[in-house]
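Containing mmCIF, N, CA, C and O atoms: query04.cif.
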```cif
data_my_file
loop_
_atom_site.label_atom_id
_atom_site.label_comp_id
_atom_site.auth_asym_id
_atom_site.auth_seq_id
_atom_site.Cartn_x
_atom_site.Cartn_y
_atom_site.Cartn_z
N ILE A 1 -7.97 -37.15 7.70
CA ILE A 1 -7.85 -35.71 7.50
C ILE A 1 -7.78 -35.04 8.87
O ILE A 1 -8.57 -35.35 9.76
N SER A 2 -6.84 -34.11 8.99
CA SER A 2 -6.85 -33.24 10.16
C SER A 2 -6.70 -31.81 9.66
O SER A 2 -5.97 -31.54 8.72
N ILE A 3 -7.45 -30.92 10.30
CA ILE A 3 -7.47 -29.51 9.91
C ILE A 3 -7.22 -28.67 11.16
O ILE A 3 -7.86 -28.88 12.19
N SER A 4 -6.29 -27.73 11.06
CA SER A 4 -6.09 -26.77 12.13
C SER A 4 -6.15 -25.38 11.51
O SER A 4 -5.69 -25.17 10.40
N GLY A 5 -6.77 -24.47 12.23
CA GLY A 5 -6.91 -23.12 11.72
C GLY A 5 -8.32 -22.62 11.96
O GLY A 5 -9.00 -23.04 12.90
N ASN A 6 -8.77 -21.74 11.06
CA ASN A 6 -10.11 -21.18 11.19
C ASN A 6 -10.82 -21.24 9.84
O ASN A 6 -10.33 -21.90 8.92
N ASN A 7 -11.94 -20.57 9.72
CA ASN A 7 -12.70 -20.63 8.47
C ASN A 7 -11.93 -20.09 7.26
O ASN A 7 -12.18 -20.51 6.14
N LEU A 8 -11.01 -19.19 7.48
CA LEU A 8 -10.37 -18.52 6.35
C LEU A 8 -8.93 -18.95 6.07
O LEU A 8 -8.44 -18.74 4.96
N SER A 9 -8.25 -19.53 7.03
CA SER A 9 -6.87 -19.97 6.77
C SER A 9 -6.47 -21.05 7.76
O SER A 9 -7.02 -21.14 8.86
N GLY A 10 -5.52 -21.86 7.34
CA GLY A 10 -5.04 -22.92 8.22
C GLY A 10 -4.23 -23.95 7.48
O GLY A 10 -3.68 -23.70 6.40
N ARG A 11 -4.18 -25.15 8.09
CA ARG A 11 -3.35 -26.25 7.60
C ARG A 11 -4.18 -27.52 7.54
O ARG A 11 -4.97 -27.79 8.45
N ILE A 12 -3.96 -28.31 6.49
CA ILE A 12 -4.66 -29.57 6.30
C ILE A 12 -3.64 -30.68 6.11
O ILE A 12 -2.70 -30.54 5.33
N ASN A 13 -3.81 -31.79 6.85
CA ASN A 13 -3.03 -33.00 6.63
C ASN A 13 -3.98 -34.08 6.15
O ASN A 13 -5.00 -34.33 6.79
N MET A 14 -3.66 -34.70 5.02
CA MET A 14 -4.50 -35.74 4.45
C MET A 14 -3.63 -36.94 4.12
O MET A 14 -2.59 -36.80 3.48
N THR A 15 -4.05 -38.13 4.56
CA THR A 15 -3.34 -39.36 4.24
C THR A 15 -4.23 -40.22 3.36
O THR A 15 -5.38 -40.48 3.72
N THR A 16 -3.70 -40.66 2.23
CA THR A 16 -4.47 -41.51 1.33
C THR A 16 -4.56 -42.92 1.91
O THR A 16 -3.75 -43.33 2.73
N GLY A 17 -5.55 -43.65 1.44
CA GLY A 17 -5.72 -45.04 1.85
C GLY A 17 -4.77 -45.97 1.09
O GLY A 17 -3.89 -45.52 0.36
N THR A 18 -4.99 -47.26 1.25
CA THR A 18 -4.09 -48.24 0.62
C THR A 18 -4.36 -48.42 -0.86
O THR A 18 -3.49 -48.88 -1.59
N SER A 19 -5.55 -48.05 -1.33
CA SER A 19 -5.90 -48.16 -2.76
C SER A 19 -6.72 -46.96 -3.20
O SER A 19 -7.91 -47.09 -3.49
N PRO A 20 -6.10 -45.78 -3.27
CA PRO A 20 -6.88 -44.60 -3.65
C PRO A 20 -7.39 -44.71 -5.08
O PRO A 20 -6.69 -45.19 -5.96
N GLY A 21 -8.63 -44.29 -5.28
CA GLY A 21 -9.22 -44.32 -6.62
C GLY A 21 -8.96 -43.03 -7.36
O GLY A 21 -8.30 -42.11 -6.87
N LEU A 22 -9.49 -42.97 -8.54
CA LEU A 22 -9.34 -41.79 -9.38
C LEU A 22 -10.61 -40.97 -9.35
O LEU A 22 -11.71 -41.51 -9.49
N GLY A 23 -10.47 -39.68 -9.17
CA GLY A 23 -11.62 -38.78 -9.21
C GLY A 23 -12.41 -38.75 -7.92
O GLY A 23 -12.20 -39.57 -7.03
N GLY A 24 -13.28 -37.78 -7.83
CA GLY A 24 -14.13 -37.66 -6.67
C GLY A 24 -13.59 -36.71 -5.64
O GLY A 24 -12.50 -36.16 -5.76
N ILE A 25 -14.37 -36.54 -4.58
CA ILE A 25 -14.01 -35.61 -3.51
C ILE A 25 -12.96 -36.25 -2.61
O ILE A 25 -13.14 -37.36 -2.12
N LEU A 26 -11.85 -35.55 -2.41
CA LEU A 26 -10.80 -36.01 -1.49
C LEU A 26 -11.13 -35.64 -0.06
O LEU A 26 -10.96 -36.43 0.85
N PHE A 27 -11.57 -34.39 0.13
CA PHE A 27 -11.96 -33.94 1.47
C PHE A 27 -12.82 -32.69 1.36
O PHE A 27 -12.83 -32.02 0.34
N THR A 28 -13.56 -32.43 2.42
CA THR A 28 -14.41 -31.25 2.52
C THR A 28 -14.05 -30.49 3.78
O THR A 28 -13.83 -31.10 4.83
N VAL A 29 -13.96 -29.19 3.68
CA VAL A 29 -13.71 -28.31 4.82
C VAL A 29 -15.03 -27.62 5.14
O VAL A 29 -15.58 -26.92 4.28
N ALA A 30 -15.56 -27.83 6.33
CA ALA A 30 -16.82 -27.21 6.74
C ALA A 30 -16.53 -25.97 7.57
O ALA A 30 -15.70 -26.00 8.48
N PHE A 31 -17.19 -24.87 7.24
CA PHE A 31 -17.05 -23.64 8.02
C PHE A 31 -17.87 -23.77 9.30
O PHE A 31 -19.01 -24.21 9.29
N SER A 32 -17.26 -23.37 10.41
CA SER A 32 -17.95 -23.42 11.69
C SER A 32 -17.60 -22.16 12.49
O SER A 32 -16.46 -22.02 12.94
N PRO A 33 -18.55 -21.26 12.62
CA PRO A 33 -19.92 -21.31 12.13
C PRO A 33 -19.97 -21.01 10.64
O PRO A 33 -18.99 -20.54 10.05
N SER A 34 -21.12 -21.26 10.03
CA SER A 34 -21.32 -20.92 8.62
C SER A 34 -21.09 -19.42 8.42
O SER A 34 -21.30 -18.63 9.34
N LEU A 35 -20.68 -19.05 7.22
CA LEU A 35 -20.43 -17.65 6.91
C LEU A 35 -21.68 -16.97 6.37
O LEU A 35 -22.56 -17.63 5.81
N LEU A 36 -21.78 -15.67 6.52
CA LEU A 36 -22.91 -14.93 5.96
C LEU A 36 -22.79 -14.79 4.44
O LEU A 36 -23.79 -14.77 3.73
N THR A 37 -21.56 -14.70 3.95
CA THR A 37 -21.28 -14.58 2.53
C THR A 37 -20.18 -15.56 2.15
O THR A 37 -19.18 -15.67 2.87
N ALA A 38 -20.35 -16.26 1.04
CA ALA A 38 -19.33 -17.21 0.60
C ALA A 38 -18.06 -16.46 0.18
O ALA A 38 -18.14 -15.40 -0.44
N PRO A 39 -16.88 -17.02 0.49
CA PRO A 39 -15.64 -16.41 0.01
C PRO A 39 -15.57 -16.44 -1.52
O PRO A 39 -16.24 -17.24 -2.17
N ASN A 40 -14.75 -15.57 -2.08
CA ASN A 40 -14.53 -15.58 -3.53
C ASN A 40 -13.84 -16.86 -3.98
O ASN A 40 -14.06 -17.34 -5.08
N GLY A 41 -12.99 -17.39 -3.14
CA GLY A 41 -12.27 -18.62 -3.47
C GLY A 41 -11.47 -19.11 -2.28
O GLY A 41 -11.17 -18.35 -1.36
N CYS A 42 -11.16 -20.39 -2.29
CA CYS A 42 -10.28 -21.00 -1.29
C CYS A 42 -9.15 -21.68 -2.05
O CYS A 42 -9.41 -22.42 -3.01
N HIS A 43 -7.93 -21.43 -1.66
CA HIS A 43 -6.77 -21.89 -2.41
C HIS A 43 -5.84 -22.71 -1.53
O HIS A 43 -5.65 -22.41 -0.36
N LEU A 44 -5.25 -23.75 -2.14
CA LEU A 44 -4.31 -24.63 -1.45
C LEU A 44 -2.88 -24.31 -1.86
O LEU A 44 -2.62 -23.93 -3.00
N GLN A 45 -1.96 -24.55 -0.93
CA GLN A 45 -0.53 -24.52 -1.22
C GLN A 45 0.04 -25.80 -0.64
O GLN A 45 -0.08 -26.04 0.57
N GLN A 46 0.59 -26.66 -1.49
CA GLN A 46 1.17 -27.91 -0.99
C GLN A 46 2.46 -27.60 -0.26
O GLN A 46 3.32 -26.88 -0.76
N LEU A 47 2.59 -28.13 0.97
CA LEU A 47 3.73 -27.79 1.82
C LEU A 47 4.80 -28.88 1.86
O LEU A 47 5.92 -28.61 2.26
N ASN A 48 4.45 -30.10 1.50
CA ASN A 48 5.47 -31.14 1.51
C ASN A 48 5.78 -31.58 0.09
O ASN A 48 5.01 -31.38 -0.82
N GLY A 49 6.92 -32.19 -0.11
CA GLY A 49 7.38 -32.54 -1.45
C GLY A 49 6.95 -33.92 -1.90
O GLY A 49 7.77 -34.70 -2.38
N VAL A 50 5.68 -34.23 -1.77
CA VAL A 50 5.18 -35.54 -2.18
C VAL A 50 5.14 -35.61 -3.70
O VAL A 50 4.88 -34.62 -4.38
N ASN A 51 5.39 -36.80 -4.25
CA ASN A 51 5.47 -36.99 -5.70
C ASN A 51 4.10 -37.06 -6.36
O ASN A 51 3.77 -38.04 -7.02
N ALA A 52 3.30 -36.05 -6.21
CA ALA A 52 2.03 -35.94 -6.93
C ALA A 52 1.98 -34.54 -7.51
O ALA A 52 2.36 -33.58 -6.87
N SER A 53 1.54 -34.46 -8.73
CA SER A 53 1.43 -33.15 -9.36
C SER A 53 0.37 -32.34 -8.62
O SER A 53 -0.71 -32.83 -8.34
N PHE A 54 0.70 -31.09 -8.32
CA PHE A 54 -0.27 -30.26 -7.63
C PHE A 54 -1.51 -30.04 -8.48
O PHE A 54 -2.58 -29.77 -7.96
N SER A 55 -1.39 -30.24 -9.79
CA SER A 55 -2.56 -30.08 -10.66
C SER A 55 -3.58 -31.20 -10.43
O SER A 55 -4.70 -31.13 -10.92
N ASP A 56 -3.20 -32.25 -9.69
CA ASP A 56 -4.14 -33.32 -9.36
C ASP A 56 -5.24 -32.83 -8.42
O ASP A 56 -6.28 -33.47 -8.32
N PHE A 57 -5.02 -31.73 -7.73
CA PHE A 57 -5.97 -31.23 -6.74
C PHE A 57 -6.76 -30.07 -7.32
O PHE A 57 -6.19 -29.11 -7.82
N GLN A 58 -8.07 -30.16 -7.25
CA GLN A 58 -8.95 -29.13 -7.80
C GLN A 58 -9.87 -28.62 -6.70
O GLN A 58 -10.69 -29.37 -6.17
N GLU A 59 -9.73 -27.33 -6.35
CA GLU A 59 -10.60 -26.73 -5.34
C GLU A 59 -11.97 -26.45 -5.95
O GLU A 59 -12.07 -26.00 -7.08
N VAL A 60 -13.02 -26.74 -5.18
CA VAL A 60 -14.39 -26.47 -5.60
C VAL A 60 -14.80 -25.13 -5.01
O VAL A 60 -14.46 -24.83 -3.86
N ALA A 61 -15.53 -24.33 -5.77
CA ALA A 61 -15.95 -23.00 -5.31
C ALA A 61 -16.63 -23.09 -3.94
O ALA A 61 -17.49 -23.94 -3.73
N PRO A 62 -16.23 -22.24 -3.01
CA PRO A 62 -16.80 -22.31 -1.66
C PRO A 62 -18.24 -21.79 -1.61
O PRO A 62 -18.66 -20.99 -2.45
N THR A 63 -18.96 -22.28 -0.62
CA THR A 63 -20.30 -21.80 -0.31
C THR A 63 -20.24 -21.18 1.08
O THR A 63 -19.16 -21.06 1.67
N THR A 64 -21.35 -20.83 1.64
CA THR A 64 -21.36 -20.28 3.00
C THR A 64 -21.11 -21.36 4.05
O THR A 64 -20.82 -21.05 5.20
N THR A 65 -21.18 -22.64 3.67
CA THR A 65 -21.00 -23.73 4.64
C THR A 65 -19.66 -24.45 4.51
O THR A 65 -19.30 -25.23 5.39
N GLY A 66 -18.91 -24.21 3.43
CA GLY A 66 -17.61 -24.85 3.29
C GLY A 66 -17.18 -24.99 1.85
O GLY A 66 -17.75 -24.39 0.95
N TRP A 67 -16.14 -25.82 1.64
CA TRP A 67 -15.60 -26.06 0.31
C TRP A 67 -14.94 -27.42 0.28
O TRP A 67 -14.70 -28.04 1.31
N SER A 68 -14.68 -27.93 -0.90
CA SER A 68 -14.06 -29.24 -1.01
C SER A 68 -12.96 -29.26 -2.06
O SER A 68 -12.82 -28.32 -2.85
N VAL A 69 -12.20 -30.33 -2.04
CA VAL A 69 -11.10 -30.53 -2.98
C VAL A 69 -11.30 -31.88 -3.65
O VAL A 69 -11.55 -32.88 -2.98
N ASN A 70 -11.19 -31.88 -4.97
CA ASN A 70 -11.34 -33.09 -5.76
C ASN A 70 -10.00 -33.59 -6.25
O ASN A 70 -9.06 -32.81 -6.43
N ASP A 71 -9.93 -34.89 -6.52
CA ASP A 71 -8.81 -35.50 -7.22
C ASP A 71 -9.14 -35.39 -8.69
O ASP A 71 -10.04 -36.06 -9.18
N ALA A 72 -8.43 -34.54 -9.41
CA ALA A 72 -8.86 -34.16 -10.75
C ALA A 72 -8.35 -35.07 -11.88
O ALA A 72 -9.09 -35.35 -12.81
N PHE A 73 -7.11 -35.53 -11.83
CA PHE A 73 -6.54 -36.12 -13.04
C PHE A 73 -5.96 -37.52 -12.90
O PHE A 73 -5.93 -38.26 -13.86
N SER A 74 -5.44 -37.88 -11.75
CA SER A 74 -4.81 -39.20 -11.63
C SER A 74 -4.95 -39.71 -10.20
O SER A 74 -5.14 -38.94 -9.27
N ALA A 75 -4.88 -41.03 -10.07
CA ALA A 75 -4.95 -41.62 -8.73
C ALA A 75 -3.73 -41.18 -7.93
O ALA A 75 -2.61 -41.14 -8.45
N LEU A 76 -3.94 -40.85 -6.68
CA LEU A 76 -2.84 -40.42 -5.81
C LEU A 76 -2.08 -41.64 -5.29
O LEU A 76 -2.62 -42.74 -5.24
N PRO A 77 -0.82 -41.47 -4.87
CA PRO A 77 -0.07 -42.59 -4.32
C PRO A 77 -0.71 -43.11 -3.03
O PRO A 77 -1.26 -42.35 -2.24
N ALA A 78 -0.62 -44.42 -2.82
CA ALA A 78 -1.20 -45.06 -1.65
C ALA A 78 -0.44 -44.71 -0.38
O ALA A 78 0.78 -44.48 -0.41
N SER A 79 -1.16 -44.67 0.73
CA SER A 79 -0.59 -44.49 2.07
C SER A 79 0.40 -43.33 2.13
O SER A 79 1.51 -43.47 2.65
N THR A 80 0.00 -42.21 1.60
CA THR A 80 0.87 -41.04 1.50
C THR A 80 0.20 -39.85 2.19
O THR A 80 -0.99 -39.62 2.00
N THR A 81 0.98 -39.10 2.96
CA THR A 81 0.45 -37.92 3.64
C THR A 81 0.78 -36.67 2.84
O THR A 81 1.92 -36.46 2.43
N PHE A 82 -0.25 -35.87 2.59
CA PHE A 82 -0.11 -34.58 1.93
C PHE A 82 -0.40 -33.50 2.97
O PHE A 82 -1.33 -33.63 3.77
N THR A 83 0.39 -32.44 2.93
CA THR A 83 0.19 -31.32 3.85
C THR A 83 0.01 -30.05 3.02
O THR A 83 0.78 -29.78 2.11
N PHE A 84 -1.06 -29.31 3.35
CA PHE A 84 -1.39 -28.09 2.63
C PHE A 84 -1.63 -26.95 3.62
O PHE A 84 -2.05 -27.17 4.73
N SER A 85 -1.39 -25.74 3.14
CA SER A 85 -1.97 -24.58 3.80
C SER A 85 -3.15 -24.15 2.92
O SER A 85 -3.18 -24.44 1.72
N TYR A 86 -4.14 -23.49 3.53
CA TYR A 86 -5.27 -22.98 2.75
C TYR A 86 -5.55 -21.54 3.14
O TYR A 86 -5.27 -21.10 4.24
N LEU A 87 -6.11 -20.82 2.17
CA LEU A 87 -6.48 -19.44 2.39
C LEU A 87 -7.76 -19.18 1.59
O LEU A 87 -7.82 -19.45 0.38
N CYS A 88 -8.77 -18.68 2.27
CA CYS A 88 -10.03 -18.30 1.63
C CYS A 88 -10.14 -16.78 1.69
O CYS A 88 -9.86 -16.19 2.72
N ASN A 89 -10.52 -16.20 0.58
CA ASN A 89 -10.65 -14.74 0.56
C ASN A 89 -11.89 -14.30 -0.19
O ASN A 89 -12.54 -15.05 -0.84
#
```
Encoding of this model in structure tokens:
Amino acid sequence: ISISGNNLSGRINMTTGTSPGLGGILFTVAFSPSLLTAPNGCHLQQLNGVNASFSDFQEVAPTTTGWSVNDAFSALPASTTFTFSYLCN
């Protein structure tokens, strides 16, 4: 995982392993520094045309320390890079 940006917006690059499983946390974004108030939500926009349904990604409600994204419905393709933009508001 690589993240560029700030607490409220930026870009995420994530590469899956050779045998990605189904379900669970894909990645966590930590706010630095922590926020005084949690954002209402953090949203992803997939930027590359990888063959995975965007519905596979489920954002978890943010806290004052960060937020995470889960693999919701199916195993992701192996050794594949996903690129997202994110926005927290």
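Closest approach to Thr64 of chain A among A:Gln45, A:Thr37, A:Ser79, A:Asn89 is made by A:Thr37 (distances from all atoms listed in the file).
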> Which residues in chain A does DSSP call strand (DSSP E)? List them as JSON, numbers by chain.
Replying inline: {"A": [2, 3, 4, 5, 9, 10, 11, 12, 13, 14, 15, 25, 26, 27, 28, 29, 30, 42, 43, 44, 45, 46, 57, 58, 59, 66, 67, 68, 69, 70, 71, 81, 82, 83, 84, 85, 86, 87, 88]}
What's around Ser68 of chain A at 7 Å? Count only N, CA, C and O atoms, leave out sequence neighbours fewer than 4 positions away in its own chain, and write the answer as a PDB file with N, CA, C and O atoms, in the frame of the given file.
```pdb
ATOM      1  N   ILE A  25     -14.370 -36.540  -4.580  1.00  0.00           N
ATOM      2  CA  ILE A  25     -14.010 -35.610  -3.510  1.00  0.00           C
ATOM      3  C   ILE A  25     -12.960 -36.250  -2.610  1.00  0.00           C
ATOM      4  O   ILE A  25     -13.140 -37.360  -2.120  1.00  0.00           O
ATOM      5  N   LEU A  26     -11.850 -35.550  -2.410  1.00  0.00           N
ATOM      6  CA  LEU A  26     -10.800 -36.010  -1.490  1.00  0.00           C
ATOM      7  C   LEU A  26     -11.130 -35.640  -0.060  1.00  0.00           C
ATOM      8  O   LEU A  26     -10.960 -36.430   0.850  1.00  0.00           O
ATOM      9  N   PHE A  27     -11.570 -34.390   0.130  1.00  0.00           N
ATOM     10  CA  PHE A  27     -11.960 -33.940   1.470  1.00  0.00           C
ATOM     11  C   PHE A  27     -12.820 -32.690   1.360  1.00  0.00           C
ATOM     12  O   PHE A  27     -12.830 -32.020   0.340  1.00  0.00           O
ATOM     13  N   THR A  28     -13.560 -32.430   2.420  1.00  0.00           N
ATOM     14  CA  THR A  28     -14.410 -31.250   2.520  1.00  0.00           C
ATOM     15  C   THR A  28     -14.050 -30.490   3.780  1.00  0.00           C
ATOM     16  O   THR A  28     -13.830 -31.100   4.830  1.00  0.00           O
ATOM     17  N   VAL A  29     -13.960 -29.190   3.680  1.00  0.00           N
ATOM     18  CA  VAL A  29     -13.710 -28.310   4.820  1.00  0.00           C
ATOM     19  C   VAL A  29     -15.030 -27.620   5.140  1.00  0.00           C
ATOM     20  O   VAL A  29     -15.580 -26.920   4.280  1.00  0.00           O
ATOM     21  N   CYS A  42     -11.160 -20.390  -2.290  1.00  0.00           N
ATOM     22  CA  CYS A  42     -10.280 -21.000  -1.290  1.00  0.00           C
ATOM     23  C   CYS A  42      -9.150 -21.680  -2.050  1.00  0.00           C
ATOM     24  O   CYS A  42      -9.410 -22.420  -3.010  1.00  0.00           O
ATOM     25  N   GLN A  58      -8.070 -30.160  -7.250  1.00  0.00           N
ATOM     26  CA  GLN A  58      -8.950 -29.130  -7.800  1.00  0.00           C
ATOM     27  C   GLN A  58      -9.870 -28.620  -6.700  1.00  0.00           C
ATOM     28  O   GLN A  58     -10.690 -29.370  -6.170  1.00  0.00           O
ATOM     29  N   GLU A  59      -9.730 -27.330  -6.350  1.00  0.00           N
ATOM     30  CA  GLU A  59     -10.600 -26.730  -5.340  1.00  0.00           C
ATOM     31  C   GLU A  59     -11.970 -26.450  -5.950  1.00  0.00           C
ATOM     32  O   GLU A  59     -12.070 -26.000  -7.080  1.00  0.00           O
ATOM     33  N   VAL A  60     -13.020 -26.740  -5.180  1.00  0.00           N
ATOM     34  CA  VAL A  60     -14.390 -26.470  -5.600  1.00  0.00           C
ATOM     35  C   VAL A  60     -14.800 -25.130  -5.010  1.00  0.00           C
ATOM     36  O   VAL A  60     -14.460 -24.830  -3.860  1.00  0.00           O
ATOM     37  N   ALA A  61     -15.530 -24.330  -5.770  1.00  0.00           N
ATOM     38  CA  ALA A  61     -15.950 -23.000  -5.310  1.00  0.00           C
ATOM     39  C   ALA A  61     -16.630 -23.090  -3.940  1.00  0.00           C
ATOM     40  O   ALA A  61     -17.490 -23.940  -3.730  1.00  0.00           O
ATOM     41  N   PRO A  62     -16.230 -22.240  -3.010  1.00  0.00           N
ATOM     42  CA  PRO A  62     -16.800 -22.310  -1.660  1.00  0.00           C
ATOM     43  C   PRO A  62     -18.240 -21.790  -1.610  1.00  0.00           C
ATOM     44  O   PRO A  62     -18.660 -20.990  -2.450  1.00  0.00           O
TER      45      PRO A  62
END
```
> Neighbours of Thr16 of chain A within 6 Å (all atoms listed in the file; same-chain residues fewer than 2 positions away dropped), as JSON, numbers by chain?
Replying inline: {"A": [14, 18, 77, 78, 79, 80, 81, 82]}
Writing out the chosen residues with N, CA, C and O atoms as a PDB file, keeping the file's coordinate frame:
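Writing done, so here's selection.pdb:
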```pdb
ATOM      1  N   MET A  14      -3.660 -34.700   5.020  1.00  0.00           N
ATOM      2  CA  MET A  14      -4.500 -35.740   4.450  1.00  0.00           C
ATOM      3  C   MET A  14      -3.630 -36.940   4.120  1.00  0.00           C
ATOM      4  O   MET A  14      -2.590 -36.800   3.480  1.00  0.00           O
ATOM      5  N   THR A  18      -4.990 -47.260   1.250  1.00  0.00           N
ATOM      6  CA  THR A  18      -4.090 -48.240   0.620  1.00  0.00           C
ATOM      7  C   THR A  18      -4.360 -48.420  -0.860  1.00  0.00           C
ATOM      8  O   THR A  18      -3.490 -48.880  -1.590  1.00  0.00           O
ATOM      9  N   PRO A  77      -0.820 -41.470  -4.870  1.00  0.00           N
ATOM     10  CA  PRO A  77      -0.070 -42.590  -4.320  1.00  0.00           C
ATOM     11  C   PRO A  77      -0.710 -43.110  -3.030  1.00  0.00           C
ATOM     12  O   PRO A  77      -1.260 -42.350  -2.240  1.00  0.00           O
ATOM     13  N   ALA A  78      -0.620 -44.420  -2.820  1.00  0.00           N
ATOM     14  CA  ALA A  78      -1.200 -45.060  -1.650  1.00  0.00           C
ATOM     15  C   ALA A  78      -0.440 -44.710  -0.380  1.00  0.00           C
ATOM     16  O   ALA A  78       0.780 -44.480  -0.410  1.00  0.00           O
ATOM     17  N   SER A  79      -1.160 -44.670   0.730  1.00  0.00           N
ATOM     18  CA  SER A  79      -0.590 -44.490   2.070  1.00  0.00           C
ATOM     19  C   SER A  79       0.400 -43.330   2.130  1.00  0.00           C
ATOM     20  O   SER A  79       1.510 -43.470   2.650  1.00  0.00           O
ATOM     21  N   THR A  80       0.000 -42.210   1.600  1.00  0.00           N
ATOM     22  CA  THR A  80       0.870 -41.040   1.500  1.00  0.00           C
ATOM     23  C   THR A  80       0.200 -39.850   2.190  1.00  0.00           C
ATOM     24  O   THR A  80      -0.990 -39.620   2.000  1.00  0.00           O
ATOM     25  N   THR A  81       0.980 -39.100   2.960  1.00  0.00           N
ATOM     26  CA  THR A  81       0.450 -37.920   3.640  1.00  0.00           C
ATOM     27  C   THR A  81       0.780 -36.670   2.840  1.00  0.00           C
ATOM     28  O   THR A  81       1.920 -36.460   2.430  1.00  0.00           O
ATOM     29  N   PHE A  82      -0.250 -35.870   2.590  1.00  0.00           N
ATOM     30  CA  PHE A  82      -0.110 -34.580   1.930  1.00  0.00           C
ATOM     31  C   PHE A  82      -0.400 -33.500   2.970  1.00  0.00           C
ATOM     32  O   PHE A  82      -1.330 -33.630   3.770  1.00  0.00           O
TER      33      PHE A  82
END
```
> Pick from A:Leu22, A:Leu8, A:Ala72, A:Ile3: nearest to Gly41 of chain A, with only N, CA, C and O atoms counted?
Replying inline: A:Leu8
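Restricting the calculation to all atoms listed in the file, the smallest distance between Thr83 of chain A and any of A:Ser32, A:Ser4, A:Thr65, A:Asn48 is found for A:Asn48.
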> Could you pull the residues within 7 Å of Gly24 of chain A, counting all atoms listed in the file, minus those fewer than 4 positions along the same chain, as number ranges by chain?
Replying inline: A: 69-72
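Close to (-4.2, -25.2, -0.4), meaning no more than 4.5 Å away when counting all atoms listed in the file, sit the residues His43, Leu44, Gln45, Ser85 and Tyr86 of chain A.
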>> Please list, as a list in words, the residues that have an atom at most 5 Å away from (-4.5, -28.6, 7.1) in the coordinates of this file, counting only N, CA, C and O atoms.
In response: Ser2, Ile3, Ser4, Gly10, Arg11, Ile12, Asn13 and Phe84 of chain A
